[in-house]
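Peer 1: File model.cif below, mmCIF, C-alpha atoms:
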```
data_model
loop_
_atom_site.label_atom_id
_atom_site.label_comp_id
_atom_site.auth_asym_id
_atom_site.auth_seq_id
_atom_site.Cartn_x
_atom_site.Cartn_y
_atom_site.Cartn_z
CA MET A 1311 12.27 8.64 -15.27
CA THR A 1312 13.56 11.25 -17.58
CA ASP A 1313 13.50 8.83 -20.50
CA SER A 1314 10.97 9.34 -23.24
CA PRO A 1315 7.93 7.09 -23.06
CA ASN A 1316 9.26 5.27 -26.09
CA THR A 1317 12.51 4.19 -24.46
CA PRO A 1318 12.29 0.44 -23.91
CA LEU A 1319 12.15 -0.40 -20.22
CA ARG A 1320 12.67 -3.66 -18.37
CA ILE A 1321 9.58 -4.31 -16.27
CA ALA A 1322 9.01 -7.25 -13.92
CA PHE A 1323 5.46 -8.55 -13.47
CA SER A 1324 3.80 -10.82 -10.96
CA ALA A 1325 0.20 -11.63 -10.09
CA ASP A 1326 -1.94 -14.11 -8.22
CA HIS A 1327 -4.78 -15.98 -9.92
CA ALA A 1328 -7.12 -12.99 -9.63
CA GLY A 1329 -4.56 -10.85 -11.44
CA PHE A 1330 -3.49 -13.39 -14.05
CA GLU A 1331 -5.79 -12.17 -16.83
CA LEU A 1332 -4.96 -8.47 -16.33
CA LYS A 1333 -1.24 -9.33 -16.15
CA THR A 1334 -1.51 -11.17 -19.49
CA LEU A 1335 -3.25 -8.20 -21.14
CA LEU A 1336 -0.81 -5.62 -19.76
CA ILE A 1337 2.24 -7.65 -20.72
CA ALA A 1338 1.02 -7.99 -24.32
CA TRP A 1339 0.26 -4.26 -24.46
CA LEU A 1340 3.68 -3.28 -23.08
CA ARG A 1341 5.51 -5.71 -25.37
CA GLU A 1342 3.74 -4.11 -28.34
CA GLN A 1343 5.31 -0.83 -27.17
CA GLY A 1344 8.74 -2.45 -27.24
CA HIS A 1345 9.25 -2.93 -23.51
CA ASP A 1346 11.21 -5.89 -22.15
CA ILE A 1347 8.98 -7.86 -19.77
CA LEU A 1348 10.06 -10.32 -17.09
CA ASP A 1349 7.01 -12.44 -16.23
CA LEU A 1350 7.33 -13.98 -12.76
CA GLY A 1351 3.95 -15.74 -12.87
CA THR A 1352 1.45 -16.96 -11.87
CA ASP A 1353 0.78 -18.67 -15.19
CA SER A 1354 -2.89 -19.60 -14.91
CA ASP A 1355 -6.06 -18.78 -13.00
CA ALA A 1356 -5.48 -21.70 -10.59
CA SER A 1357 -5.61 -20.52 -6.99
CA VAL A 1358 -2.30 -19.40 -5.48
CA ASP A 1359 -1.33 -17.28 -2.46
CA TYR A 1360 -0.77 -13.58 -3.21
CA PRO A 1361 2.08 -13.18 -0.66
CA ASP A 1362 4.24 -15.60 -2.65
CA PHE A 1363 3.90 -13.45 -5.76
CA GLY A 1364 4.40 -10.17 -3.93
CA TYR A 1365 7.62 -11.58 -2.45
CA ARG A 1366 8.66 -12.92 -5.83
CA LEU A 1367 8.42 -9.45 -7.36
CA ALA A 1368 10.26 -7.91 -4.41
CA ASN A 1369 13.10 -10.41 -4.61
CA SER A 1370 13.43 -9.81 -8.34
CA LEU A 1371 13.63 -6.03 -7.89
CA GLU A 1372 16.14 -6.47 -5.08
CA ARG A 1373 18.33 -8.67 -7.31
CA GLY A 1374 18.25 -5.93 -9.95
CA ASP A 1375 16.47 -8.02 -12.57
CA ALA A 1376 14.46 -4.93 -13.51
CA PRO A 1377 14.20 -1.33 -12.28
CA PHE A 1378 10.39 -1.38 -12.23
CA GLY A 1379 7.74 -3.87 -11.21
CA ILE A 1380 3.99 -4.28 -11.53
CA THR A 1381 2.11 -6.72 -9.32
CA ILE A 1382 -1.58 -7.61 -9.39
CA CYS A 1383 -4.08 -9.34 -7.11
CA GLY A 1384 -7.83 -8.97 -6.67
CA SER A 1385 -7.70 -5.72 -4.72
CA GLY A 1386 -4.00 -4.83 -4.97
CA ILE A 1387 -3.95 -4.64 -1.16
CA GLY A 1388 -2.43 -7.93 -0.07
CA ILE A 1389 0.18 -8.16 -2.79
CA ALA A 1390 1.32 -4.57 -2.07
CA ILE A 1391 1.70 -5.37 1.64
CA ALA A 1392 3.81 -8.41 0.72
CA ALA A 1393 6.01 -6.50 -1.73
CA ASN A 1394 6.62 -3.72 0.79
CA ARG A 1395 8.00 -6.15 3.37
CA ASN A 1396 11.25 -5.79 1.41
CA PRO A 1397 12.98 -2.45 2.19
CA HIS A 1398 14.30 -2.35 -1.38
CA VAL A 1399 10.74 -2.02 -2.68
CA ARG A 1400 8.55 1.04 -2.72
CA CYS A 1401 5.25 -0.33 -4.00
CA ALA A 1402 2.25 1.98 -4.35
CA GLN A 1403 -1.19 0.43 -4.47
CA VAL A 1404 -2.94 2.50 -7.15
CA ALA A 1405 -6.41 2.65 -8.67
CA GLU A 1406 -6.08 5.82 -10.76
CA PRO A 1407 -3.20 7.61 -12.51
CA VAL A 1408 -2.93 10.60 -10.16
CA SER A 1409 -1.69 8.28 -7.41
CA ALA A 1410 0.55 6.39 -9.83
CA ALA A 1411 2.21 9.66 -10.87
CA LEU A 1412 2.53 10.88 -7.26
CA ALA A 1413 4.12 7.58 -6.30
CA ARG A 1414 6.91 8.26 -8.79
CA ARG A 1415 7.17 12.01 -8.19
CA HIS A 1416 7.29 11.96 -4.39
CA ASN A 1417 8.06 8.36 -3.35
CA ASN A 1418 10.34 7.22 -6.20
CA ALA A 1419 8.16 4.10 -6.34
CA ASN A 1420 9.78 1.18 -8.11
CA ALA A 1421 6.57 -0.84 -8.16
CA ILE A 1422 2.81 -0.46 -8.35
CA ALA A 1423 0.13 -2.89 -7.22
CA LEU A 1424 -3.15 -3.06 -9.14
CA GLY A 1425 -6.51 -4.53 -8.10
CA ALA A 1426 -7.87 -6.56 -11.01
CA ARG A 1427 -11.31 -6.84 -9.42
CA LEU A 1428 -11.54 -3.13 -8.65
CA ILE A 1429 -10.41 -1.35 -11.82
CA GLY A 1430 -10.89 -1.96 -15.53
CA VAL A 1431 -8.28 -2.52 -18.20
CA ASP A 1432 -8.19 1.05 -19.47
CA MET A 1433 -7.78 2.42 -15.95
CA ALA A 1434 -5.01 -0.09 -15.30
CA LYS A 1435 -3.26 1.02 -18.50
CA ALA A 1436 -3.56 4.68 -17.43
CA CYS A 1437 -1.97 3.78 -14.09
CA VAL A 1438 0.88 1.92 -15.80
CA THR A 1439 1.54 4.78 -18.22
CA ALA A 1440 1.64 7.34 -15.40
CA PHE A 1441 3.97 5.06 -13.41
CA LEU A 1442 6.39 4.52 -16.29
CA GLU A 1443 6.44 8.09 -17.62
CA THR A 1444 6.62 10.20 -14.45
CA PRO A 1445 10.05 11.15 -13.08
CA PHE A 1446 11.05 11.31 -9.41
CA GLU A 1447 11.23 14.92 -8.25
CA GLY A 1448 14.13 14.43 -5.85
CA GLY A 1449 14.79 17.49 -3.66
CA ARG A 1450 13.04 17.37 -0.29
CA HIS A 1451 11.64 13.94 -1.15
CA THR A 1452 15.04 12.25 -1.37
CA HIS A 1453 15.86 11.89 2.33
CA ARG A 1454 12.30 10.72 3.05
CA VAL A 1455 12.64 8.03 0.40
CA ASP A 1456 16.02 7.09 1.88
CA LYS A 1457 14.34 6.55 5.25
CA LEU A 1458 12.09 3.91 3.66
CA ALA A 1459 15.21 1.77 3.16
CA HIS A 1460 16.06 1.81 6.86
CA PRO A 1461 13.00 0.83 8.90
CA GLN A 1462 15.22 -0.55 11.67
CA GLU A 1463 16.40 2.99 12.40
CA ALA A 1464 12.84 4.12 13.09
CA ALA A 1465 12.27 6.55 15.94
CA MET B 938 -14.44 -7.39 13.85
CA THR B 939 -17.58 -9.03 15.02
CA ASP B 940 -18.22 -6.23 17.50
CA SER B 941 -21.07 -3.85 16.89
CA PRO B 942 -20.07 -0.47 15.45
CA ASN B 943 -20.95 1.06 18.81
CA THR B 944 -18.44 -0.99 20.77
CA PRO B 945 -15.65 1.39 21.83
CA LEU B 946 -12.40 0.54 20.06
CA ARG B 947 -8.84 1.59 20.77
CA ILE B 948 -7.44 3.15 17.60
CA ALA B 949 -3.92 4.49 17.09
CA PHE B 950 -3.43 7.44 14.74
CA SER B 951 -0.41 8.98 13.07
CA ALA B 952 0.07 11.48 10.26
CA ASP B 953 2.65 13.72 8.67
CA HIS B 954 2.06 17.46 8.23
CA ALA B 955 -0.10 16.90 5.14
CA GLY B 956 -2.34 14.58 7.15
CA PHE B 957 -2.42 16.60 10.37
CA GLU B 958 -5.71 18.41 9.68
CA LEU B 959 -7.56 15.26 8.54
CA LYS B 960 -6.18 13.35 11.54
CA THR B 961 -7.51 16.05 13.86
CA LEU B 962 -10.97 15.91 12.29
CA LEU B 963 -11.17 12.10 12.30
CA ILE B 964 -9.98 11.85 15.91
CA ALA B 965 -12.65 14.30 17.08
CA TRP B 966 -15.31 12.42 15.10
CA LEU B 967 -14.28 9.02 16.50
CA ARG B 968 -14.05 10.33 20.06
CA GLU B 969 -17.63 11.64 19.70
CA GLN B 970 -18.57 8.02 18.91
CA GLY B 971 -16.93 6.89 22.15
CA HIS B 972 -13.76 5.36 20.70
CA ASP B 973 -10.47 5.49 22.60
CA ILE B 974 -7.87 7.25 20.47
CA LEU B 975 -4.10 7.08 20.81
CA ASP B 976 -2.66 10.08 18.93
CA LEU B 977 0.95 9.48 17.92
CA GLY B 978 1.38 12.85 16.18
CA THR B 979 2.44 14.85 14.29
CA ASP B 980 0.96 17.72 16.25
CA SER B 981 1.05 20.59 13.77
CA ASP B 982 1.34 21.35 10.07
CA ALA B 983 5.11 21.90 10.36
CA SER B 984 7.00 19.76 7.85
CA VAL B 985 8.02 16.30 9.04
CA ASP B 986 9.06 13.06 7.29
CA TYR B 987 6.24 10.61 6.62
CA PRO B 988 8.40 7.48 7.19
CA ASP B 989 8.90 8.47 10.85
CA PHE B 990 5.15 8.54 11.40
CA GLY B 991 4.48 5.34 9.47
CA TYR B 992 7.09 3.59 11.62
CA ARG B 993 5.66 5.15 14.76
CA LEU B 994 2.24 3.66 14.00
CA ALA B 995 3.78 0.29 13.15
CA ASN B 996 5.79 0.16 16.37
CA SER B 997 2.71 1.06 18.38
CA LEU B 998 0.63 -1.71 16.78
CA GLU B 999 3.48 -4.17 17.29
CA ARG B 1000 3.67 -3.26 20.99
CA GLY B 1001 -0.06 -3.93 21.26
CA ASP B 1002 -1.00 -0.37 22.20
CA ALA B 1003 -4.07 -0.70 19.97
CA PRO B 1004 -5.53 -3.38 17.67
CA PHE B 1005 -6.20 -0.90 14.84
CA GLY B 1006 -4.33 2.02 13.32
CA ILE B 1007 -5.02 4.83 10.89
CA THR B 1008 -2.16 6.75 9.29
CA ILE B 1009 -2.34 9.73 6.95
CA CYS B 1010 -0.01 11.55 4.57
CA GLY B 1011 -0.62 13.57 1.41
CA SER B 1012 -1.27 10.57 -0.86
CA GLY B 1013 -1.32 7.71 1.65
CA ILE B 1014 1.39 6.03 -0.42
CA GLY B 1015 4.60 6.75 1.42
CA ILE B 1016 3.23 6.30 4.93
CA ALA B 1017 1.66 2.94 3.93
CA ILE B 1018 5.00 1.73 2.54
CA ALA B 1019 6.68 2.71 5.81
CA ALA B 1020 4.05 1.04 8.00
CA ASN B 1021 4.24 -2.18 5.98
CA ARG B 1022 7.98 -2.51 6.58
CA ASN B 1023 6.91 -4.07 9.90
CA PRO B 1024 5.67 -7.67 9.41
CA HIS B 1025 3.21 -7.16 12.27
CA VAL B 1026 1.36 -4.54 10.22
CA ARG B 1027 -1.08 -5.10 7.37
CA CYS B 1028 -1.74 -1.56 6.18
CA ALA B 1029 -4.07 -0.99 3.22
CA GLN B 1030 -3.81 2.28 1.36
CA VAL B 1031 -7.45 3.14 0.68
CA ALA B 1032 -9.33 5.89 -1.14
CA GLU B 1033 -12.86 4.45 -1.02
CA PRO B 1034 -14.78 2.14 1.33
CA VAL B 1035 -14.91 -0.93 -0.94
CA SER B 1036 -11.15 -1.32 -0.57
CA ALA B 1037 -11.29 -0.56 3.15
CA ALA B 1038 -13.85 -3.36 3.63
CA LEU B 1039 -11.90 -5.80 1.42
CA ALA B 1040 -8.77 -5.05 3.41
CA ARG B 1041 -10.53 -6.29 6.55
CA ARG B 1042 -12.45 -9.14 4.90
CA HIS B 1043 -9.57 -10.71 2.96
CA ASN B 1044 -6.34 -9.30 4.42
CA ASN B 1045 -7.29 -8.88 8.10
CA ALA B 1046 -5.79 -5.39 7.81
CA ASN B 1047 -4.91 -3.82 11.15
CA ALA B 1048 -4.25 -0.41 9.60
CA ILE B 1049 -5.35 1.83 6.76
CA ALA B 1050 -3.46 4.70 5.14
CA LEU B 1051 -5.39 7.69 3.81
CA GLY B 1052 -4.30 10.40 1.37
CA ALA B 1053 -5.41 13.74 2.74
CA ARG B 1054 -4.70 15.54 -0.53
CA LEU B 1055 -6.57 12.96 -2.62
CA ILE B 1056 -9.84 12.33 -0.79
CA GLY B 1057 -12.29 14.53 1.09
CA VAL B 1058 -13.41 14.28 4.69
CA ASP B 1059 -16.65 12.41 4.01
CA MET B 1060 -14.84 9.83 1.87
CA ALA B 1061 -12.22 9.43 4.59
CA LYS B 1062 -14.99 8.86 7.16
CA ALA B 1063 -16.60 6.24 4.89
CA CYS B 1064 -13.23 4.45 4.63
CA VAL B 1065 -12.76 4.53 8.41
CA THR B 1066 -16.28 3.21 9.05
CA ALA B 1067 -15.82 0.35 6.57
CA PHE B 1068 -12.44 -0.46 8.14
CA LEU B 1069 -13.77 -0.51 11.71
CA GLU B 1070 -17.05 -2.34 11.01
CA THR B 1071 -16.02 -5.11 8.60
CA PRO B 1072 -14.97 -8.49 10.02
CA PHE B 1073 -12.17 -10.70 8.73
CA GLU B 1074 -13.61 -13.64 6.79
CA GLY B 1075 -10.96 -16.16 7.83
CA GLY B 1076 -11.18 -19.43 5.91
CA ARG B 1077 -8.94 -19.59 2.83
CA HIS B 1078 -7.64 -16.12 3.63
CA THR B 1079 -6.06 -17.13 6.93
CA HIS B 1080 -2.95 -18.89 5.71
CA ARG B 1081 -2.33 -16.13 3.16
CA VAL B 1082 -2.49 -13.53 5.92
CA ASP B 1083 -0.14 -15.70 8.01
CA LYS B 1084 2.38 -15.61 5.15
CA LEU B 1085 2.47 -11.80 5.41
CA ALA B 1086 4.07 -12.23 8.85
CA HIS B 1087 6.95 -14.30 7.47
CA PRO B 1088 8.52 -12.51 4.50
CA GLN B 1089 11.87 -14.15 5.20
CA GLU B 1090 10.36 -17.51 4.23
CA ALA B 1091 9.47 -16.21 0.78
CA ALA B 1092 9.91 -18.54 -2.16
#
```
Before we go any further, please render this structure as structure tokens.
Peer 2:
Amino acid sequence: MTDSPNTPLRIAFSADHAGFELKTLLIAWLREQGHDILDLGTDSDASVDYPDFGYRLANSLERGDAPFGITICGSGIGIAIAANRNPHVRCAQVAEPVSAALARRHNNANAIALGARLIGVDMAKACVTAFLETPFEGGRHTHRVDKLAHPQEAA
Amino acid sequence: MTDSPNTPLRIAFSADHAGFELKTLLIAWLREQGHDILDLGTDSDASVDYPDFGYRLANSLERGDAPFGITICGSGIGIAIAANRNPHVRCAQVAEPVSAALARRHNNANAIALGARLIGVDMAKACVTAFLETPFEGGRHTHRVDKLAHPQEAA
């Protein structure tokens, strides 16, 4: 993104039960900053299956509901795998802001996955800020990113 | 895995140029432990595209060449996205062994992605050891893992 951090962004969110509380906190925090949030659930801490919510985020990004997505499960691992089944999604599983920034800069990530049982709220916020404020570098990274949309053409 | 850590395992490896050196070190270290390594390249530090090597690992796991795979790029992000395009692959991007163990325990991960420019050799070895020595828990995790094989049935 080349937008200023204060430009309102549309951001889709999903989480399983383990991520529900962190999702709630991050959505409130981003709404306070003026961002437009699409909350795709889950809506409580009742047990659900993380793949359903990874797919839900992916489908929403593919439809163009939002340019960016954030998805949360206990570790961030399973929900990132699910989201990345969709070739439209480039979801980086991140636990610190260096990776969140690199995911934008080099991979043009349109989603991040967070692990609510592995990182704290302030670290999660630092990841989100780095994700939303870092632009894609383009250049030599562009054709590599393009290849991520065409797995069926793999060598 | 319920095997002892000393049971020889067949492990497929791939990396882009940024991961070439770490791949070389890890392969030598695992061969010293008696493991059977399938090296899918790249074979030098000449620039290549990480998606090609993520897909190469995924195709190899899908063919059944090896039960486990390790793939490496600069951050681990892009090559994990590529590998996870294949519904046969459950690739966890890991930077510390807690996540590597959780990926096995909860997600039955058959691959990990490492970021050669983000973690050091000893941390990478700790991730690999946790990945290879931790069993899948099964139970409530099984039907969630099964859903990762069927993204087209997503809600």
Peer 1: I'd like the interatomic distance between CA of Asn1045 (chain B) and CA of Val1082 (chain B), to a tenth of an Å.
Peer 2: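 Pair CA of Asn1045 (chain B) / CA of Val1082 (chain B) returns 7.0 Å.
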Peer 1: Expand the PyMOL selection byres ((chain A and resi 1451) around 12) into the explicit residue set it covers here, and present it as an mmCIF file with C-alpha atoms, keeping the file's coordinate frame.
Peer 2:
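The new file result.cif reads:
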```cif
data_model
loop_
_atom_site.group_PDB
_atom_site.id
_atom_site.type_symbol
_atom_site.label_atom_id
_atom_site.label_comp_id
_atom_site.auth_asym_id
_atom_site.auth_seq_id
_atom_site.Cartn_x
_atom_site.Cartn_y
_atom_site.Cartn_z
ATOM 1 C CA LEU A 1412 2.530 10.880 -7.260
ATOM 2 C CA ALA A 1413 4.120 7.580 -6.300
ATOM 3 C CA ARG A 1414 6.910 8.260 -8.790
ATOM 4 C CA ARG A 1415 7.170 12.010 -8.190
ATOM 5 C CA HIS A 1416 7.290 11.960 -4.390
ATOM 6 C CA ASN A 1417 8.060 8.360 -3.350
ATOM 7 C CA ASN A 1418 10.340 7.220 -6.200
ATOM 8 C CA ALA A 1419 8.160 4.100 -6.340
ATOM 9 C CA PHE A 1446 11.050 11.310 -9.410
ATOM 10 C CA GLU A 1447 11.230 14.920 -8.250
ATOM 11 C CA GLY A 1448 14.130 14.430 -5.850
ATOM 12 C CA GLY A 1449 14.790 17.490 -3.660
ATOM 13 C CA ARG A 1450 13.040 17.370 -0.290
ATOM 14 C CA THR A 1452 15.040 12.250 -1.370
ATOM 15 C CA HIS A 1453 15.860 11.890 2.330
ATOM 16 C CA ARG A 1454 12.300 10.720 3.050
ATOM 17 C CA VAL A 1455 12.640 8.030 0.400
ATOM 18 C CA ASP A 1456 16.020 7.090 1.880
ATOM 19 C CA LYS A 1457 14.340 6.550 5.250
ATOM 20 C CA LEU A 1458 12.090 3.910 3.660
ATOM 21 C CA SER B 984 7.000 19.760 7.850
ATOM 22 C CA VAL B 985 8.020 16.300 9.040
ATOM 23 C CA ASP B 986 9.060 13.060 7.290
ATOM 24 C CA TYR B 987 6.240 10.610 6.620
ATOM 25 C CA PRO B 988 8.400 7.480 7.190
ATOM 26 C CA GLY B 1015 4.600 6.750 1.420
#
```
Peer 1: Give me the residues of chain A that have any atom at most 6 Å from an atom of chain B; for each, the nearest atom pair and the distance in Å, rounded to one decimal. Use only C-alpha atoms, sort by chain and number, and format it as a Markdown table.
Peer 2:
```
| residue | atom | partner | partner_atom | distance |
| --- | --- | --- | --- | --- |
| A:Asp1359 | CA | B:Arg1081 | CA | 5.8 |
| A:Tyr1365 | CA | B:Ala1091 | CA | 5.9 |
| A:Ile1387 | CA | B:Ala1029 | CA | 5.7 |
| A:Ile1391 | CA | B:Asn1021 | CA | 6.0 |
| A:Ala1392 | CA | B:Leu1085 | CA | 5.9 |
| A:Asn1394 | CA | B:Asn1021 | CA | 5.9 |
| A:Arg1395 | CA | B:Arg1022 | CA | 4.9 |
| A:Ala1402 | CA | B:Ile1014 | CA | 5.7 |
| A:Arg1454 | CA | B:Asp986 | CA | 5.8 |
| A:Leu1458 | CA | B:Ala1019 | CA | 5.9 |
| A:Ala1464 | CA | B:Tyr992 | CA | 6.0 |
```
Peer 1: Which of these, A:Gly1344, A:Gly1379, A:Pro1407, A:Gly1430, has the shortest distance to Ser1324 (chain A) once you count all atoms listed in the file?
Peer 2: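 For Ser1324 (chain A), the nearest of the given residues is A:Gly1379.
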Peer 1: Quick one: residues within 8 Å of Val1431 (chain A), only C-alpha atoms, excluding same-chain residues fewer than 3 positions away - as a ChimeraX atom specification?
Peer 2: /A:1332,1434-1435
Peer 1: With C-alpha atoms retained, could you export that selection as a PDB file, in the frame of the given file?
Peer 2:
```
ATOM      1  CA  LEU A1332      -4.960  -8.470 -16.330  1.00  0.00           C
ATOM      2  CA  ALA A1434      -5.010  -0.090 -15.300  1.00  0.00           C
ATOM      3  CA  LYS A1435      -3.260   1.020 -18.500  1.00  0.00           C
TER       4      LYS A1435
END
```
Peer 1: For this structure, which residues satisfy the selection - the PyMOL selection byres ((chain A and resi 1356) around 12) - when it is evaluated on the file as given? I want them as a PyMOL selection string.
Peer 2: chain A and resi 1325-1331+1351-1355+1357-1360
Peer 1: For the residues in the current selection, export C-alpha atoms as a PDB file, in the coordinates of the input.
Peer 2:
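Resulting contents of selection_36.pdb:
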```pdb
ATOM      1  CA  ALA A1325       0.200 -11.630 -10.090  1.00  0.00           C
ATOM      2  CA  ASP A1326      -1.940 -14.110  -8.220  1.00  0.00           C
ATOM      3  CA  HIS A1327      -4.780 -15.980  -9.920  1.00  0.00           C
ATOM      4  CA  ALA A1328      -7.120 -12.990  -9.630  1.00  0.00           C
ATOM      5  CA  GLY A1329      -4.560 -10.850 -11.440  1.00  0.00           C
ATOM      6  CA  PHE A1330      -3.490 -13.390 -14.050  1.00  0.00           C
ATOM      7  CA  GLU A1331      -5.790 -12.170 -16.830  1.00  0.00           C
ATOM      8  CA  GLY A1351       3.950 -15.740 -12.870  1.00  0.00           C
ATOM      9  CA  THR A1352       1.450 -16.960 -11.870  1.00  0.00           C
ATOM     10  CA  ASP A1353       0.780 -18.670 -15.190  1.00  0.00           C
ATOM     11  CA  SER A1354      -2.890 -19.600 -14.910  1.00  0.00           C
ATOM     12  CA  ASP A1355      -6.060 -18.780 -13.000  1.00  0.00           C
ATOM     13  CA  SER A1357      -5.610 -20.520  -6.990  1.00  0.00           C
ATOM     14  CA  VAL A1358      -2.300 -19.400  -5.480  1.00  0.00           C
ATOM     15  CA  ASP A1359      -1.330 -17.280  -2.460  1.00  0.00           C
ATOM     16  CA  TYR A1360      -0.770 -13.580  -3.210  1.00  0.00           C
TER      17      TYR A1360
END
```
Peer 1: What does the distance between CA of Arg1000 (chain B) and CA of Thr1066 (chain B) come to in Å, to one decimal place?
Peer 2: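 Distance reported for this atom pair: 24.1 Å.
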Peer 1: Go ahead and compute the interatomic distance for CA of Ile1422 (chain A) and CA of Ala1003 (chain B), in Å to one decimal.
Peer 2: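 That distance, rounded to one decimal, is 29.1 Å.
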Peer 1: Under the rule that all atoms listed in the file are counted, which of B:Ala1063, B:Ile1056, B:Leu946, B:Leu998 is the nearest residue to Asp973 (chain B)?
Peer 2: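 With all atoms listed in the file as the atom set, the closest residue is B:Leu946.
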Peer 1: Any idea what's packed within 12 Å of Gly1374 (chain A), counting all atoms listed in the file, ignoring anything in its chain fewer than 6 positions away? Could you give it as a list in words?
Peer 2: Arg1320, Ile1321, Ala1322, Leu1348, Leu1367, Ala1368, His1398, Val1399 and Asn1420 of chain A
Peer 1: Please write the residues from the selection above to a file, keeping C-alpha atoms, as a CSV table (one decimal), keeping the file's coordinate frame.
Peer 2:
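To be explicit, this is the file written out as part_29.csv:
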```csv
chain,number,residue,atom,x,y,z
A,1320,ARG,CA,12.7,-3.7,-18.4
A,1321,ILE,CA,9.6,-4.3,-16.3
A,1322,ALA,CA,9.0,-7.2,-13.9
A,1348,LEU,CA,10.1,-10.3,-17.1
A,1367,LEU,CA,8.4,-9.4,-7.4
A,1368,ALA,CA,10.3,-7.9,-4.4
A,1398,HIS,CA,14.3,-2.4,-1.4
A,1399,VAL,CA,10.7,-2.0,-2.7
A,1420,ASN,CA,9.8,1.2,-8.1
```
Peer 1: Might you pull out every residue within 6 Å of Phe950 (chain B), with only C-alpha atoms counted and same-chain residues fewer than 2 positions away left off, and present them as an NGL selection string?
Peer 2: :B and (976-977 or 1006-1008)
